[in-house]
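Inspection log for the structure reproduced underneath, given as structure tokens.
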Amino acid sequence: MTTRFLSLKEITLIMQELLIPKEAHEAVWDINLEFLKEQQITTLILDLDNTLLSNKQRNLSIQHLNWLQKCKDNGFQIYLLSNNRSKKRVSRAASQIECNGFYLAMKPFTFSIKHLADTYNLNLKQCAIIGDQVFKDVILGNWLNIYSILVEPIDKTMSIFTRAQYTLERYLTKKLKSNHP
């Protein structure tokens, strides 16, 4: 039995598959909903913190609520999938949106999204996952072959650790895209 190591090219290809989102936008309202419908996407799975709600906000902005209503008016089902450990925070936002929300999702681990799909009989190939973090939202989506959309974080003031994570995510994504065929 021989041990085979992955080549640098193979590692790069794996990282590209996992870390590069299908789309990237400044904010959720920049997403082309018509294009998503053309791609047979029927369900939007949204991160909460820094995607729809800054860390300082308790309630969703009118602009976010209007965009979410536009999504519903276009026939999309909406679900929240958050790593936030506060059931109250996620429930409050889900109530405002009138959707189901899941807290403590532990993204990028797949069990919570699989539970969501099983509970609501969702076809993950008809879903898009939208979030502000490559290492959580994009990896989760790409790992399960869900259409992944990256948005910029709402709140740019972050802890040193979070800022370092975002900087590394954006650097890797940019570097991998430039090497992408």
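Identifiers in this document derive from the order of the structure tokens: chains are assigned A, B, ..., residues are numbered from 1 separately in each chain, and ligands are numbered from 1 in order of occurrence.
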
Can you list, as a count of residues only, every protein, DNA or RNA residue that comes within 8 Å of range 33-38 of chain A when you count only C-alpha atoms, leaving out same-chain residues fewer than 2 positions away?
6

Any chance you could tabulate, as a tab-separated table, the residues of range 34-83 of chain A at most 7 Å from range 122-139 of chain A with each one's nearest atom pair and distance in Å to one decimal, using only C-alpha atoms, in chain and rising number order?
```
residue	atom	partner	partner_atom	distance
A:Gln40	CA	A:Gln126	CA	5.9
A:Ile41	CA	A:Gln126	CA	4.3
A:Thr42	CA	A:Gln126	CA	5.5
A:Thr43	CA	A:Cys127	CA	4.6
A:Leu44	CA	A:Ala128	CA	5.1
A:Ile45	CA	A:Ile129	CA	4.7
A:Leu46	CA	A:Ile130	CA	4.9
A:Asp47	CA	A:Gly131	CA	4.9
A:Asn50	CA	A:Asp132	CA	6.5
A:Thr51	CA	A:Gly131	CA	5.6
```

Write to file, as an mmCIF file, in the first residue's frame, the residues of the selection just made, with N, CA and C atoms.
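again10.cif written:
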```
data_model
loop_
_atom_site.group_PDB
_atom_site.id
_atom_site.type_symbol
_atom_site.label_atom_id
_atom_site.label_comp_id
_atom_site.auth_asym_id
_atom_site.auth_seq_id
_atom_site.Cartn_x
_atom_site.Cartn_y
_atom_site.Cartn_z
ATOM 1 N N GLN A 40 -33.767 27.719 -11.339
ATOM 2 C CA GLN A 40 -34.668 26.775 -10.651
ATOM 3 C C GLN A 40 -34.526 26.822 -9.128
ATOM 4 N N ILE A 41 -34.048 27.938 -8.609
ATOM 5 C CA ILE A 41 -33.934 28.092 -7.155
ATOM 6 C C ILE A 41 -35.274 28.570 -6.620
ATOM 7 N N THR A 42 -35.751 27.863 -5.598
ATOM 8 C CA THR A 42 -37.070 28.171 -5.016
ATOM 9 C C THR A 42 -36.976 28.594 -3.557
ATOM 10 N N THR A 43 -35.832 28.352 -2.942
ATOM 11 C CA THR A 43 -35.678 28.569 -1.506
ATOM 12 C C THR A 43 -34.399 29.345 -1.215
ATOM 13 N N LEU A 44 -34.517 30.348 -0.334
ATOM 14 C CA LEU A 44 -33.364 31.121 0.108
ATOM 15 C C LEU A 44 -33.106 30.809 1.577
ATOM 16 N N ILE A 45 -31.910 30.339 1.863
ATOM 17 C CA ILE A 45 -31.496 30.059 3.230
ATOM 18 C C ILE A 45 -30.518 31.162 3.603
ATOM 19 N N LEU A 46 -30.912 31.979 4.563
ATOM 20 C CA LEU A 46 -30.169 33.189 4.876
ATOM 21 C C LEU A 46 -29.514 33.129 6.239
ATOM 22 N N ASP A 47 -28.276 33.588 6.259
ATOM 23 C CA ASP A 47 -27.596 33.842 7.518
ATOM 24 C C ASP A 47 -28.261 35.075 8.138
ATOM 25 N N ASN A 50 -24.929 39.969 10.497
ATOM 26 C CA ASN A 50 -24.102 40.690 9.537
ATOM 27 C C ASN A 50 -24.471 40.419 8.084
ATOM 28 N N THR A 51 -25.545 39.661 7.865
ATOM 29 C CA THR A 51 -26.103 39.473 6.527
ATOM 30 C C THR A 51 -27.418 40.236 6.423
#
```

Residues of range 21-125 of chain A in helix (DSSP H, G or I), written as a ChimeraX atom specification:
/A:28-30,33-38,62-73,87-97,111-119,124-125

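The space between CA of Asn66 in chain A and CA of Ile149 in chain A spans 19.2 Å.
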
Pick out the residues sitting within 12 Å of Leu168 in chain A, and hand them over as a ChimeraX atom specification; count only C-alpha atoms, and ignore anything fewer than 5 positions along from it in its own chain.
/A:19,133-135,161-163,173-176

So that I have them on file, write out the residues from the current selection with N, CA, C and O atoms, as a PDB file, in the first residue's frame.
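Here's the written file again-v4.pdb:
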```pdb
ATOM      1  N   LEU A  19     -14.261  27.387  -1.521  1.00  0.00           N
ATOM      2  CA  LEU A  19     -14.189  28.766  -1.042  1.00  0.00           C
ATOM      3  C   LEU A  19     -14.738  29.835  -1.986  1.00  0.00           C
ATOM      4  O   LEU A  19     -14.984  30.956  -1.553  1.00  0.00           O
ATOM      5  N   GLN A 133     -19.979  35.138   5.350  1.00  0.00           N
ATOM      6  CA  GLN A 133     -18.715  34.499   5.711  1.00  0.00           C
ATOM      7  C   GLN A 133     -18.395  33.324   4.784  1.00  0.00           C
ATOM      8  O   GLN A 133     -19.203  32.417   4.622  1.00  0.00           O
ATOM      9  N   VAL A 134     -17.200  33.356   4.237  1.00  0.00           N
ATOM     10  CA  VAL A 134     -16.738  32.283   3.357  1.00  0.00           C
ATOM     11  C   VAL A 134     -16.578  30.993   4.150  1.00  0.00           C
ATOM     12  O   VAL A 134     -17.045  29.929   3.734  1.00  0.00           O
ATOM     13  N   PHE A 135     -15.909  31.076   5.321  1.00  0.00           N
ATOM     14  CA  PHE A 135     -15.582  29.878   6.088  1.00  0.00           C
ATOM     15  C   PHE A 135     -16.795  29.209   6.706  1.00  0.00           C
ATOM     16  O   PHE A 135     -16.692  28.088   7.205  1.00  0.00           O
ATOM     17  N   PHE A 161     -10.182  39.258  15.958  1.00  0.00           N
ATOM     18  CA  PHE A 161     -10.265  37.897  15.428  1.00  0.00           C
ATOM     19  C   PHE A 161     -11.171  37.838  14.201  1.00  0.00           C
ATOM     20  O   PHE A 161     -10.808  37.257  13.178  1.00  0.00           O
ATOM     21  N   THR A 162     -12.349  38.449  14.300  1.00  0.00           N
ATOM     22  CA  THR A 162     -13.298  38.428  13.187  1.00  0.00           C
ATOM     23  C   THR A 162     -12.744  39.185  11.987  1.00  0.00           C
ATOM     24  O   THR A 162     -12.862  38.734  10.843  1.00  0.00           O
ATOM     25  N   ARG A 163     -12.113  40.324  12.240  1.00  0.00           N
ATOM     26  CA  ARG A 163     -11.505  41.101  11.148  1.00  0.00           C
ATOM     27  C   ARG A 163     -10.420  40.269  10.455  1.00  0.00           C
ATOM     28  O   ARG A 163     -10.328  40.242   9.226  1.00  0.00           O
ATOM     29  N   THR A 173     -10.168  34.015  -1.350  1.00  0.00           N
ATOM     30  CA  THR A 173     -11.144  34.018  -2.439  1.00  0.00           C
ATOM     31  C   THR A 173     -10.593  34.745  -3.659  1.00  0.00           C
ATOM     32  O   THR A 173     -10.685  34.256  -4.784  1.00  0.00           O
ATOM     33  N   LYS A 174      -9.998  35.898  -3.422  1.00  0.00           N
ATOM     34  CA  LYS A 174      -9.429  36.679  -4.526  1.00  0.00           C
ATOM     35  C   LYS A 174      -8.287  35.917  -5.188  1.00  0.00           C
ATOM     36  O   LYS A 174      -8.194  35.832  -6.416  1.00  0.00           O
ATOM     37  N   LYS A 175      -7.413  35.342  -4.394  1.00  0.00           N
ATOM     38  CA  LYS A 175      -6.260  34.597  -4.902  1.00  0.00           C
ATOM     39  C   LYS A 175      -6.716  33.369  -5.697  1.00  0.00           C
ATOM     40  O   LYS A 175      -6.205  33.101  -6.782  1.00  0.00           O
ATOM     41  N   LEU A 176      -7.687  32.648  -5.168  1.00  0.00           N
ATOM     42  CA  LEU A 176      -8.174  31.445  -5.844  1.00  0.00           C
ATOM     43  C   LEU A 176      -8.911  31.791  -7.126  1.00  0.00           C
ATOM     44  O   LEU A 176      -8.814  31.067  -8.118  1.00  0.00           O
TER      45      LEU A 176
END
```

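If you measure from each of A:Thr3, A:His25, A:Arg89, A:Cys99 to Ser54 in chain A using only C-alpha atoms, the closest one turns out to be A:Arg89.
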